[in-house]
file start_13.cif (mmCIF, C-alpha atoms)
data_structure
#
loop_
_atom_site.label_atom_id
_atom_site.label_comp_id
_atom_site.auth_asym_id
_atom_site.auth_seq_id
_atom_site.Cartn_x
_atom_site.Cartn_y
_atom_site.Cartn_z
CA MET A 1 -1.12 51.44 -31.67
CA ARG A 2 1.35 53.81 -30.03
CA ARG A 3 2.16 55.47 -33.36
CA LEU A 4 -1.53 56.16 -33.69
CA ALA A 5 -1.87 57.42 -30.15
CA ALA A 6 0.53 60.35 -30.46
CA PRO A 7 -1.19 62.07 -33.42
CA ALA A 8 -4.56 61.29 -31.88
CA LEU A 9 -3.43 62.94 -28.65
CA ALA A 10 -2.16 65.98 -30.55
CA ALA A 11 -5.41 66.24 -32.52
CA ALA A 12 -7.54 65.88 -29.44
CA LEU A 13 -5.56 68.46 -27.49
CA SER A 14 -5.69 70.93 -30.36
CA LEU A 15 -9.42 71.22 -29.70
CA LEU A 16 -8.69 73.05 -26.48
CA PRO A 17 -9.60 76.69 -26.09
CA ALA A 18 -6.92 79.03 -24.79
CA ALA A 19 -8.54 80.09 -21.54
CA ALA A 20 -8.39 77.59 -18.71
CA ARG A 21 -8.56 77.52 -14.94
CA ALA A 22 -6.61 75.23 -12.65
CA HIS A 23 -6.25 74.63 -8.94
CA SER A 24 -2.80 76.06 -8.39
CA ALA A 25 0.30 76.84 -10.38
CA ILE A 26 3.67 75.46 -9.40
CA PRO A 27 6.27 78.26 -9.55
CA GLY A 28 9.34 77.38 -11.56
CA ALA A 29 7.97 74.20 -13.06
CA GLY A 30 7.80 73.87 -16.83
CA ASP A 31 4.55 73.19 -18.63
CA PHE A 32 5.16 69.46 -18.86
CA TYR A 33 6.27 69.10 -15.26
CA GLU A 34 3.38 71.19 -14.02
CA GLY A 35 0.99 68.93 -15.90
CA LEU A 36 2.79 65.84 -14.64
CA LEU A 37 2.45 66.94 -11.02
CA HIS A 38 -1.12 68.16 -11.35
CA PRO A 39 -2.80 64.92 -10.18
CA LEU A 40 -0.60 64.90 -7.09
CA ILE A 41 -1.35 68.43 -5.89
CA VAL A 42 -5.14 68.21 -5.96
CA PRO A 43 -6.24 66.25 -2.87
CA ALA A 44 -9.47 64.98 -4.47
CA HIS A 45 -7.51 63.63 -7.45
CA VAL A 46 -5.09 61.86 -5.13
CA LEU A 47 -8.00 60.28 -3.28
CA VAL A 48 -9.66 59.02 -6.47
CA LEU A 49 -6.39 57.64 -7.82
CA LEU A 50 -5.67 55.97 -4.48
CA GLY A 51 -9.11 54.36 -4.31
CA LEU A 52 -9.08 53.23 -7.94
CA GLY A 53 -5.47 52.02 -7.77
CA LEU A 54 -6.23 49.95 -4.68
CA TRP A 55 -9.29 48.53 -6.40
CA LEU A 56 -7.43 47.63 -9.60
CA GLY A 57 -4.54 46.06 -7.73
CA GLN A 58 -6.65 44.17 -5.21
CA ARG A 59 -7.68 41.34 -7.53
CA GLU A 60 -4.70 40.31 -9.60
CA ALA A 61 -4.22 41.46 -13.17
CA ALA A 62 -7.56 40.47 -14.67
CA ARG A 63 -9.42 43.46 -13.27
CA ALA A 64 -6.78 45.94 -14.41
CA GLN A 65 -6.51 44.46 -17.90
CA ARG A 66 -10.09 45.39 -18.65
CA ALA A 67 -10.18 48.68 -16.84
CA LEU A 68 -6.90 50.29 -17.89
CA PRO A 69 -7.63 50.66 -21.63
CA ALA A 70 -10.96 52.30 -20.81
CA PHE A 71 -9.17 54.53 -18.29
CA ALA A 72 -6.51 55.62 -20.79
CA VAL A 73 -8.99 56.52 -23.53
CA LEU A 74 -11.48 58.31 -21.27
CA LEU A 75 -8.70 60.29 -19.59
CA LEU A 76 -7.58 61.46 -23.00
CA LEU A 77 -11.12 62.49 -23.84
CA GLY A 78 -11.58 64.26 -20.51
CA LEU A 79 -8.33 66.19 -20.87
CA ALA A 80 -9.19 67.15 -24.43
CA LEU A 81 -12.48 68.60 -23.25
CA SER A 82 -11.16 70.09 -20.01
CA GLY A 83 -10.83 73.57 -21.45
CA PHE A 84 -14.46 73.55 -22.52
CA ALA A 85 -15.52 72.07 -19.20
CA ALA A 86 -13.75 74.83 -17.27
CA ALA A 87 -15.48 77.50 -19.32
CA SER A 88 -18.95 75.99 -19.01
CA GLU A 89 -21.57 76.25 -16.29
CA PRO A 90 -22.34 74.41 -14.04
CA LEU A 91 -19.96 71.55 -14.91
CA PRO A 92 -16.92 72.76 -12.90
CA ARG A 93 -19.05 72.86 -9.73
CA LEU A 94 -20.22 69.30 -10.29
CA LEU A 95 -16.77 67.81 -10.85
CA GLY A 96 -15.70 68.13 -7.19
CA PRO A 97 -18.67 66.14 -5.81
CA ALA A 98 -18.31 63.66 -8.69
CA LEU A 99 -14.70 62.99 -7.69
CA LEU A 100 -15.80 62.38 -4.09
CA VAL A 101 -18.56 59.98 -5.18
CA LEU A 102 -16.02 58.02 -7.26
CA ALA A 103 -13.53 57.90 -4.36
CA LEU A 104 -16.33 56.78 -2.03
CA ALA A 105 -17.42 54.01 -4.43
CA ALA A 106 -13.88 52.75 -4.99
CA GLY A 107 -13.08 52.95 -1.26
CA ILE A 108 -16.15 50.96 -0.24
CA ALA A 109 -15.49 48.34 -2.93
CA VAL A 110 -11.90 47.97 -1.66
CA ALA A 111 -12.93 47.88 2.01
CA ALA A 112 -15.53 45.20 1.28
CA ALA A 113 -13.10 43.34 -1.01
CA ALA A 114 -16.15 43.09 -3.22
CA HIS A 115 -16.50 40.77 -6.18
CA LEU A 116 -17.94 42.95 -8.92
CA PRO A 117 -18.36 42.06 -12.61
CA GLY A 118 -15.60 43.22 -14.95
CA LEU A 119 -17.92 45.73 -16.52
CA ALA A 120 -18.34 47.50 -13.16
CA SER A 121 -14.56 47.83 -12.77
CA ALA A 122 -14.20 49.17 -16.29
CA GLY A 123 -17.11 51.56 -15.68
CA LEU A 124 -15.60 52.84 -12.44
CA ALA A 125 -12.23 53.33 -14.14
CA ALA A 126 -13.78 55.03 -17.16
CA ALA A 127 -15.91 57.39 -15.07
CA SER A 128 -12.94 58.26 -12.86
CA ALA A 129 -10.77 58.95 -15.90
CA LEU A 130 -13.34 61.19 -17.52
CA VAL A 131 -13.95 63.27 -14.39
CA LEU A 132 -10.23 63.50 -13.58
CA GLY A 133 -9.54 64.64 -17.13
CA LEU A 134 -12.32 67.23 -17.20
CA ASP A 135 -11.12 68.60 -13.85
CA SER A 136 -7.51 69.02 -15.02
CA PRO A 137 -7.47 71.97 -17.43
CA ALA A 138 -4.03 73.23 -18.42
CA GLU A 139 -2.73 76.33 -16.70
CA ALA A 140 -0.33 77.22 -19.50
CA GLU A 141 -0.80 80.00 -22.07
CA GLY A 142 -0.98 79.03 -25.74
CA LEU A 143 -2.07 75.91 -27.53
CA ARG A 144 1.33 74.21 -27.70
CA ALA A 145 2.09 74.78 -24.04
CA GLN A 146 -1.34 73.51 -23.08
CA ALA A 147 -0.88 70.38 -25.16
CA ILE A 148 2.46 69.73 -23.48
CA SER A 149 0.98 70.31 -20.04
CA LEU A 150 -1.99 68.02 -20.67
CA ALA A 151 0.30 65.32 -22.04
CA GLY A 152 2.18 65.61 -18.74
CA THR A 153 -1.08 65.23 -16.82
CA TRP A 154 -2.04 62.16 -18.87
CA ILE A 155 1.28 60.55 -18.02
CA GLY A 156 1.28 61.72 -14.39
CA VAL A 157 -2.19 60.31 -13.73
CA HIS A 158 -1.17 56.94 -15.17
CA LEU A 159 2.08 56.89 -13.19
CA ALA A 160 0.20 57.54 -9.96
CA LEU A 161 -2.52 54.99 -10.72
CA LEU A 162 -0.15 52.25 -11.89
CA ASN A 163 2.12 52.77 -8.89
CA VAL A 164 -0.74 52.34 -6.43
CA ALA A 165 -2.21 49.39 -8.37
CA GLY A 166 1.19 47.74 -8.74
CA LEU A 167 2.09 48.09 -5.08
CA THR A 168 -1.36 46.83 -4.11
CA ALA A 169 -0.94 43.78 -6.35
CA LEU A 170 2.22 42.95 -4.39
CA ALA A 171 0.19 42.64 -1.18
CA LYS A 172 -0.17 38.88 -0.92
CA ARG A 173 0.01 38.16 2.79
CA ARG A 174 -3.08 38.25 4.93
CA TRP A 175 -2.10 41.32 6.96
CA GLN A 176 -1.03 43.14 3.80
CA ARG A 177 -4.37 42.48 2.13
CA LEU A 178 -6.04 43.66 5.31
CA GLY A 179 -3.96 46.85 5.11
CA VAL A 180 -5.27 47.41 1.59
CA ARG A 181 -8.86 47.11 2.84
CA ILE A 182 -8.12 49.53 5.69
CA LEU A 183 -6.75 52.07 3.20
CA GLY A 184 -9.93 51.63 1.17
CA SER A 185 -12.00 52.29 4.27
CA TRP A 186 -10.01 55.45 5.05
CA THR A 187 -10.47 56.65 1.47
CA ALA A 188 -14.23 56.13 1.58
CA ALA A 189 -14.58 57.67 5.06
CA SER A 190 -12.69 60.83 4.03
CA ALA A 191 -14.72 61.20 0.84
CA LEU A 192 -18.05 60.68 2.61
CA MET A 193 -17.61 63.54 5.07
CA VAL A 194 -16.49 66.06 2.45
CA LEU A 195 -19.35 64.94 0.25
CA ALA A 196 -21.68 65.89 3.10
CA LEU A 197 -20.03 69.31 3.13
CA GLU A 198 -20.67 69.67 -0.61
CA PHE A 199 -24.36 68.90 -0.02
CA ARG A 200 -24.49 71.48 2.76
CA ARG A 201 -23.23 74.11 0.35
CA MET B 1 4.15 38.27 12.04
CA LYS B 2 5.56 38.45 15.55
CA PRO B 3 3.94 41.00 17.84
CA CYS B 4 7.21 42.87 18.46
CA ARG B 5 7.78 43.28 14.72
CA LEU B 6 4.19 44.42 14.25
CA LEU B 7 4.57 46.92 17.07
CA ALA B 8 7.78 48.26 15.52
CA ALA B 9 6.06 48.58 12.15
CA LEU B 10 3.09 50.38 13.72
CA LEU B 11 5.42 52.74 15.54
CA ILE B 12 7.23 53.58 12.32
CA ILE B 13 3.94 54.22 10.51
CA PHE B 14 2.75 56.37 13.39
CA VAL B 15 5.94 58.45 13.53
CA SER B 16 6.19 58.81 9.77
CA ALA B 17 2.63 60.05 9.65
CA PHE B 18 3.70 62.89 11.91
CA ALA B 19 6.63 63.76 9.67
CA SER B 20 4.78 63.84 6.36
CA PRO B 21 3.03 67.23 6.60
CA ALA B 22 6.28 69.15 6.97
CA THR B 23 7.79 67.88 3.74
CA ALA B 24 5.01 68.86 1.36
CA HIS B 25 4.97 72.17 -0.47
CA VAL B 26 1.47 72.56 -1.79
CA GLY B 27 -0.88 75.47 -1.61
CA ASP B 28 -4.61 75.85 -1.01
CA GLY B 29 -4.24 75.11 2.70
CA ALA B 30 -3.94 71.40 1.97
CA VAL B 31 -1.13 70.90 4.46
CA GLY B 32 -2.81 73.07 7.08
CA GLY B 33 -6.02 71.11 6.66
CA PHE B 34 -4.22 67.80 7.04
CA VAL B 35 -2.30 68.91 10.12
CA SER B 36 -5.40 70.26 11.86
CA GLY B 37 -7.34 67.11 10.95
CA PHE B 38 -4.54 64.79 12.01
CA THR B 39 -3.97 66.52 15.32
CA HIS B 40 -7.65 66.97 16.19
CA PRO B 41 -8.14 63.42 17.51
CA LEU B 42 -4.65 63.37 19.04
CA PHE B 43 -5.01 66.53 21.13
CA GLY B 44 -8.23 65.40 22.74
CA TRP B 45 -7.30 62.83 25.37
CA ASP B 46 -10.87 61.57 25.57
CA HIS B 47 -10.64 60.66 21.88
CA VAL B 48 -7.19 59.14 22.23
CA VAL B 49 -8.04 56.79 25.10
CA ALA B 50 -11.36 55.75 23.59
CA MET B 51 -9.78 54.92 20.23
CA VAL B 52 -6.95 52.97 21.82
CA ALA B 53 -9.58 51.13 23.92
CA VAL B 54 -11.40 50.16 20.72
CA GLY B 55 -8.21 48.53 19.45
CA LEU B 56 -7.52 46.85 22.80
CA TRP B 57 -11.02 45.43 22.95
CA GLY B 58 -10.58 44.07 19.46
CA ALA B 59 -7.64 42.04 20.76
CA PHE B 60 -9.90 40.41 23.38
CA LEU B 61 -12.73 39.84 20.93
CA GLY B 62 -10.33 38.04 18.62
CA ALA B 63 -10.91 37.23 14.95
CA PRO B 64 -12.86 38.32 13.00
CA ALA B 65 -13.67 41.38 15.16
CA ILE B 66 -10.05 42.47 15.48
CA TRP B 67 -9.69 42.65 11.70
CA LEU B 68 -13.17 43.96 10.91
CA LEU B 69 -12.79 46.79 13.37
CA PRO B 70 -10.19 48.96 11.59
CA ILE B 71 -12.13 48.54 8.33
CA VAL B 72 -15.67 49.22 9.52
CA PHE B 73 -15.05 51.78 12.28
CA PRO B 74 -13.83 54.61 9.98
CA LEU B 75 -16.88 54.18 7.75
CA VAL B 76 -19.33 54.32 10.66
CA MET B 77 -17.40 57.26 12.12
CA ALA B 78 -17.64 59.02 8.76
CA CYS B 79 -21.43 58.66 8.88
CA GLY B 80 -21.34 60.45 12.26
CA GLY B 81 -18.95 62.98 10.74
CA ALA B 82 -21.35 63.59 7.87
CA LEU B 83 -24.14 64.25 10.40
CA GLY B 84 -21.85 66.73 12.15
CA VAL B 85 -21.01 68.44 8.86
CA LEU B 86 -24.69 68.71 7.97
CA GLY B 87 -25.36 70.24 11.38
CA ALA B 88 -27.63 67.43 12.55
CA PRO B 89 -28.01 67.82 16.31
CA LEU B 90 -26.63 65.03 18.48
CA PRO B 91 -27.26 65.46 22.21
CA ALA B 92 -24.40 65.39 24.72
CA VAL B 93 -21.62 64.66 22.27
CA GLU B 94 -18.80 65.31 24.74
CA ALA B 95 -20.51 63.24 27.44
CA GLY B 96 -21.01 60.48 24.89
CA ILE B 97 -17.30 60.48 24.09
CA ALA B 98 -16.37 60.33 27.78
CA ALA B 99 -18.92 57.54 28.25
CA SER B 100 -17.34 55.66 25.36
CA ALA B 101 -13.99 55.70 27.18
CA ILE B 102 -15.67 54.36 30.34
CA VAL B 103 -17.64 51.60 28.59
CA LEU B 104 -14.83 50.51 26.26
CA GLY B 105 -12.27 50.73 29.07
CA LEU B 106 -14.45 48.55 31.30
CA ALA B 107 -14.98 46.08 28.47
CA VAL B 108 -11.20 45.73 28.18
CA ALA B 109 -10.66 45.61 31.96
CA LEU B 110 -13.28 42.85 32.32
CA ALA B 111 -12.02 41.09 29.19
CA ALA B 112 -15.65 41.08 28.04
CA ARG B 113 -16.45 38.89 25.04
CA PRO B 114 -20.06 39.58 24.06
CA PRO B 115 -21.52 38.32 20.75
CA LEU B 116 -20.04 40.12 17.76
CA TRP B 117 -23.23 42.04 16.97
CA VAL B 118 -23.39 43.47 20.52
CA ALA B 119 -19.79 44.66 20.31
CA ALA B 120 -20.48 46.09 16.84
CA VAL B 121 -23.51 48.05 18.08
CA VAL B 122 -21.62 49.43 21.10
CA VAL B 123 -18.54 50.44 19.12
CA GLY B 124 -20.66 51.71 16.21
CA ALA B 125 -22.75 53.95 18.47
CA PHE B 126 -19.63 55.52 19.94
CA ALA B 127 -18.10 55.84 16.47
CA VAL B 128 -20.99 58.11 15.52
CA PHE B 129 -20.29 60.36 18.55
CA HIS B 130 -16.60 60.61 17.75
CA GLY B 131 -17.28 61.27 14.07
CA HIS B 132 -19.83 63.94 14.91
CA ALA B 133 -17.36 65.79 17.16
CA HIS B 134 -14.68 65.82 14.45
CA GLY B 135 -17.08 66.46 11.60
CA SER B 136 -18.56 69.55 13.24
CA GLU B 137 -15.21 71.30 12.81
CA LEU B 138 -14.64 70.13 9.25
CA PRO B 139 -16.34 73.08 7.51
CA GLU B 140 -13.93 75.51 9.24
CA ALA B 141 -10.83 73.63 8.09
CA ALA B 142 -8.35 75.24 5.70
CA ASN B 143 -8.96 72.33 3.35
CA ALA B 144 -11.91 70.12 4.15
CA LEU B 145 -10.69 67.05 2.28
CA THR B 146 -7.19 66.94 3.74
CA TYR B 147 -8.70 67.64 7.19
CA ALA B 148 -10.95 64.59 6.73
CA VAL B 149 -8.04 62.46 5.55
CA GLY B 150 -5.92 63.65 8.48
CA PHE B 151 -8.41 62.82 11.16
CA VAL B 152 -9.42 59.48 9.63
CA VAL B 153 -5.75 58.46 9.39
CA ALA B 154 -4.99 59.62 12.96
CA THR B 155 -8.00 57.75 14.32
CA GLY B 156 -7.07 54.62 12.36
CA LEU B 157 -3.51 54.78 13.67
CA LEU B 158 -4.81 55.03 17.25
CA HIS B 159 -6.83 51.84 16.63
CA LEU B 160 -3.79 50.10 15.24
CA LEU B 161 -1.81 51.25 18.25
CA GLY B 162 -4.44 49.68 20.51
CA ILE B 163 -4.51 46.49 18.43
CA GLY B 164 -0.71 46.33 18.47
CA PHE B 165 -0.64 46.70 22.26
CA GLY B 166 -3.55 44.29 22.53
CA LEU B 167 -1.65 41.54 20.74
CA VAL B 168 0.35 40.94 23.94
CA VAL B 169 -2.76 39.32 25.50
CA ARG B 170 -1.39 35.97 24.30
CA TRP B 171 1.06 36.12 27.23
CA PRO B 172 -0.30 35.97 30.81
CA ALA B 173 1.60 39.08 31.89
CA GLY B 174 0.51 40.88 28.76
CA ARG B 175 -3.11 40.00 29.48
CA VAL B 176 -2.81 41.61 32.90
CA ALA B 177 -1.15 44.69 31.39
CA VAL B 178 -3.88 45.13 28.78
CA ARG B 179 -6.68 44.70 31.31
CA ALA B 180 -4.96 47.20 33.60
CA GLY B 181 -4.74 49.56 30.63
CA GLY B 182 -8.48 49.16 30.11
CA GLY B 183 -9.09 49.99 33.75
CA GLY B 184 -6.97 53.12 33.43
CA ILE B 185 -8.91 54.17 30.34
CA ALA B 186 -12.24 53.68 32.16
CA LEU B 187 -10.99 55.84 35.05
CA ALA B 188 -9.80 58.49 32.62
CA GLY B 189 -13.23 58.44 30.97
CA LEU B 190 -14.85 58.94 34.36
CA ALA B 191 -12.57 61.89 35.01
CA PHE B 192 -13.55 63.41 31.64
CA LEU B 193 -17.22 62.87 32.37
CA LEU B 194 -16.96 64.54 35.79
CA GLY B 195 -14.91 67.39 34.38
CA LEU B 196 -11.85 66.50 36.44
CA ALA B 197 -9.59 66.20 33.39
#

call {"tool": "encode", "arguments": {"input": "start_13.cif", "output": "structure tokens"}}
result
Amino acid sequence: MRRLAAPALAAALSLLPAAARAHSAIPGAGDFYEGLLHPLIVPAHVLVLLGLGLWLGQREAARAQRALPAFAVLLLLGLALSGFAAASEPLPRLLGPALLVLALAAGIAVAAAAHLPGLASAGLAAASALVLGLDSPAEAEGLRAQAISLAGTWIGVHLALLNVAGLTALAKRRWQRLGVRILGSWTAASALMVLALEFRR
Amino acid sequence: MKPCRLLAALLIIFVSAFASPATAHVGDGAVGGFVSGFTHPLFGWDHVVAMVAVGLWGAFLGAPAIWLLPIVFPLVMACGGALGVLGAPLPAVEAGIAASAIVLGLAVALAARPPLWVAAVVVGAFAVFHGHAHGSELPEAANALTYAVGFVVATGLLHLLGIGFGLVVRWPAGRVAVRAGGGGIALAGLAFLLGLA
């Protein structure tokens, strides 16, 4: 499966156009490292990954087992299309609100410690992955550099998500599980207010 | 978990939250937004005392209120914040915040234990006022999202501080201390309302 994944990733990334826009460059960082850090320097991405990671880790491994494959594939797809998304109208303007809606949904689900069907978890993960991918175009110049950068982003997003989910899964005691729900509430509250700002604009 | 260990943990979380903005090196005003959002509730004493009073009252109300509070309050506050962001008018916001300190302080001082829904309505109504006051300034922030995160986290930590302090009500002397704290908060609220502070 992994042997298949690498060529598939290369093929998918080769579809990217050269021009791309990103949130901010990191001076001195190589293409791969810049891609790796990308999910951590965009606040909305951090919020989505926090909300989704809390959600996946909140209910043992069963929830994550279904959602993570969907997440991995859709993130790949989103990253592969990110160059096109950045160049199109009005998609880039819609991605910001979409990220906030996803963070709000995940945050509320975590705060409520909701019991949702597995399909809903997989759907939330897949939608988050697609939007995160589309909103993470490579900053680098040239096809090879862009592919390296996007590979870094793919790995960085997974590292962030799995860390949050893994740490959340360790929360077994009552007060720890309560802390997880509080973090979900904070995530949803933050997303809701900025979503209102997006509507105002 | 023993109260003293919980208090120590809360203190560490509170202090570390102060330290985090200085270590980051990101652009787009993200750090500035977070700092202004985080400090906004902390620099307004009317907000501080009211939020601590919410946590203290939770200690008197007991389970499940004490645990529902830090989960539900931020969400209700965010609804008020969204109204503020959208420019929806809310009359006498500052007076409402001062009144929240008086009412919540008195509730703590009197060790009031109304039905859960009454407490939820009272706290929820004040949450909207507090959220509106913070939310009105959100559009001017260097980074709206990190501002929102900052002020939600700061408010949540103030609740936890109140809850942590409130846990000492299990001891007779602690009960007196918490009720006295509530009285002080009510007096402070009165001073804010009258423009004396």

call {"tool": "resolve_selection", "arguments": {"input": "start_13.cif", "expression": "the PyMOL selection byres ((chain A and resi 188-197) around 6)", "output": "number ranges by chain"}}
result
A: 100, 104, 107-108, 185-187, 198-200; B: 74-75, 78, 81-82, 85, 145, 148-149

call {"tool": "atom_distance", "arguments": {"input": "start_13.cif", "atom1": "CA of Gly105 in chain B", "atom2": "CA of Val52 in chain B"}}
result
9.3 Å

call {"tool": "interface_residues", "arguments": {"input": "start_13.cif", "of": "chain B", "to": "chain A", "cutoff": "10 Å", "atoms": "only C-alpha atoms", "output": "ChimeraX atom specification"}}
result
/B:1,24-28,30,67-87,131,135,138-139,143-153,155-156

call {"tool": "residues_around", "arguments": {"input": "start_13.cif", "residues": "Leu42 in chain B", "least_positions_apart": "4", "cutoff": "10 Å", "atoms": "all atoms listed in the file", "output": "list in words"}}
result
Ser36, Gly37, Phe38, Asp46, His47, Val48, Val49, Met51, Phe151, Ala154, Thr155 and Leu158 of chain B

call {"tool": "closest_residue", "arguments": {"input": "start_13.cif", "among": "A:Arg59, A:His38, A:Arg144, A:His45", "to": "Arg177 in chain A", "atoms": "only C-alpha atoms"}}
result
A:Arg59

call {"tool": "atom_distance", "arguments": {"input": "start_13.cif", "atom1": "CA of Ala67 in chain A", "atom2": "CA of Ser121 in chain A"}}
result
6.0 Å

call {"tool": "atom_distance", "arguments": {"input": "start_13.cif", "atom1": "CA of Gly124 in chain B", "atom2": "CA of Phe60 in chain B"}}
result
17.2 Å

call {"tool": "closest_residue", "arguments": {"input": "start_13.cif", "among": "A:Val101, A:Val131, A:Val110, A:Leu52", "to": "Ala85 in chain A", "atoms": "all atoms listed in the file"}}
result
A:Val131

call {"tool": "residues_around", "arguments": {"input": "start_13.cif", "residues": "range 162-175 of chain B", "least_positions_apart": "4", "cutoff": "6 Å", "atoms": "all atoms listed in the file", "output": "PDB file with C-alpha atoms, in the frame of the given file"}}
result
ATOM      1  CA  LEU B   7       4.570  46.920  17.070  1.00  0.00           C
ATOM      2  CA  VAL B  52      -6.950  52.970  21.820  1.00  0.00           C
ATOM      3  CA  GLY B  55      -8.210  48.530  19.450  1.00  0.00           C
ATOM      4  CA  LEU B  56      -7.520  46.850  22.800  1.00  0.00           C
ATOM      5  CA  ALA B  59      -7.640  42.040  20.760  1.00  0.00           C
TER       6      ALA B  59
END

call {"tool": "residues_around", "arguments": {"input": "start_13.cif", "residues": "Leu116 in chain B", "least_positions_apart": "3", "cutoff": "8 Å", "atoms": "only C-alpha atoms", "output": "JSON, numbers by chain"}}
result
{"B": [61, 65, 119, 120]}

call {"tool": "closest_residue", "arguments": {"input": "start_13.cif", "among": "A:Val73, A:Gln58, A:Lys172, A:Gly83", "to": "Gln146 in chain A", "atoms": "all atoms listed in the file"}}
result
A:Gly83

call {"tool": "residues_around", "arguments": {"input": "start_13.cif", "residues": "range 156-158 of chain A", "least_positions_apart": "4", "cutoff": "10 Å", "atoms": "all atoms listed in the file", "output": "PyMOL selection string"}}
result
chain A and resi 32-40+45-46+49+53+68+71-72+75+129+132-133+150-152+162-164

call {"tool": "write_last_selection", "arguments": {"input": "start_13.cif", "atoms": "C-alpha atoms", "output": "compact mmCIF listing (two decimals), keeping the file's coordinate frame"}}
result
# COMPACT_ATOMS: atom_id res chain seq x y z
CA PHE A 32 5.16 69.46 -18.86
CA TYR A 33 6.27 69.10 -15.26
CA GLU A 34 3.38 71.19 -14.02
CA GLY A 35 0.99 68.93 -15.90
CA LEU A 36 2.79 65.84 -14.64
CA LEU A 37 2.45 66.94 -11.02
CA HIS A 38 -1.12 68.16 -11.35
CA PRO A 39 -2.80 64.92 -10.18
CA LEU A 40 -0.60 64.90 -7.09
CA HIS A 45 -7.51 63.63 -7.45
CA VAL A 46 -5.09 61.86 -5.13
CA LEU A 49 -6.39 57.64 -7.82
CA GLY A 53 -5.47 52.02 -7.77
CA LEU A 68 -6.90 50.29 -17.89
CA PHE A 71 -9.17 54.53 -18.29
CA ALA A 72 -6.51 55.62 -20.79
CA LEU A 75 -8.70 60.29 -19.59
CA ALA A 129 -10.77 58.95 -15.90
CA LEU A 132 -10.23 63.50 -13.58
CA GLY A 133 -9.54 64.64 -17.13
CA LEU A 150 -1.99 68.02 -20.67
CA ALA A 151 0.30 65.32 -22.04
CA GLY A 152 2.18 65.61 -18.74
CA LEU A 162 -0.15 52.25 -11.89
CA ASN A 163 2.12 52.77 -8.89
CA VAL A 164 -0.74 52.34 -6.43

call {"tool": "closest_residue", "arguments": {"input": "start_13.cif", "among": "B:Leu190, B:Val31, B:Ala53, B:Leu196", "to": "Ala111 in chain B", "atoms": "only C-alpha atoms"}}
result
B:Ala53

call {"tool": "residues_around", "arguments": {"input": "start_13.cif", "residues": "Ala186 in chain B", "least_positions_apart": "3", "cutoff": "8 Å", "atoms": "all atoms listed in the file", "output": "ChimeraX atom specification"}}
result
/B:101-106,182-183,189-190

call {"tool": "axis_aligned_box", "arguments": {"input": "start_13.cif", "around": "range 37-44 of chain A", "padding_each_side": "6 Å", "output": "AutoDock Vina command-line options"}}
result
--center_x -3.5 --center_y 66.7 --center_z -7.1 --size_x 23.9 --size_y 15.5 --size_z 20.5

call {"tool": "closest_residue", "arguments": {"input": "start_13.cif", "among": "A:Gly30, A:Pro137, A:Gly118, A:Pro92", "to": "Thr153 in chain A", "atoms": "all atoms listed in the file"}}
result
A:Pro137

call {"tool": "resolve_selection", "arguments": {"input": "start_13.cif", "expression": "the PyMOL selection byres ((chain A and resi 82) around 8)", "output": "JSON list (two decimals) with C-alpha atoms, in the coordinates of the input"}}
result
[["chain", "number", "residue", "atom", "x", "y", "z"],
["A", 16, "LEU", "CA", -8.69, 73.05, -26.48],
["A", 78, "GLY", "CA", -11.58, 64.26, -20.51],
["A", 79, "LEU", "CA", -8.33, 66.19, -20.87],
["A", 80, "ALA", "CA", -9.19, 67.15, -24.43],
["A", 81, "LEU", "CA", -12.48, 68.60, -23.25],
["A", 83, "GLY", "CA", -10.83, 73.57, -21.45],
["A", 84, "PHE", "CA", -14.46, 73.55, -22.52],
["A", 85, "ALA", "CA", -15.52, 72.07, -19.20],
["A", 86, "ALA", "CA", -13.75, 74.83, -17.27],
["A", 133, "GLY", "CA", -9.54, 64.64, -17.13],
["A", 134, "LEU", "CA", -12.32, 67.23, -17.20],
["A", 135, "ASP", "CA", -11.12, 68.60, -13.85],
["A", 136, "SER", "CA", -7.51, 69.02, -15.02],
["A", 137, "PRO", "CA", -7.47, 71.97, -17.43],
["A", 138, "ALA", "CA", -4.03, 73.23, -18.42]]

call {"tool": "closest_residue", "arguments": {"input": "start_13.cif", "among": "A:Leu50, A:Asp31, A:Ala105, A:Gly123", "to": "Leu159 in chain A", "atoms": "all atoms listed in the file"}}
result
A:Leu50
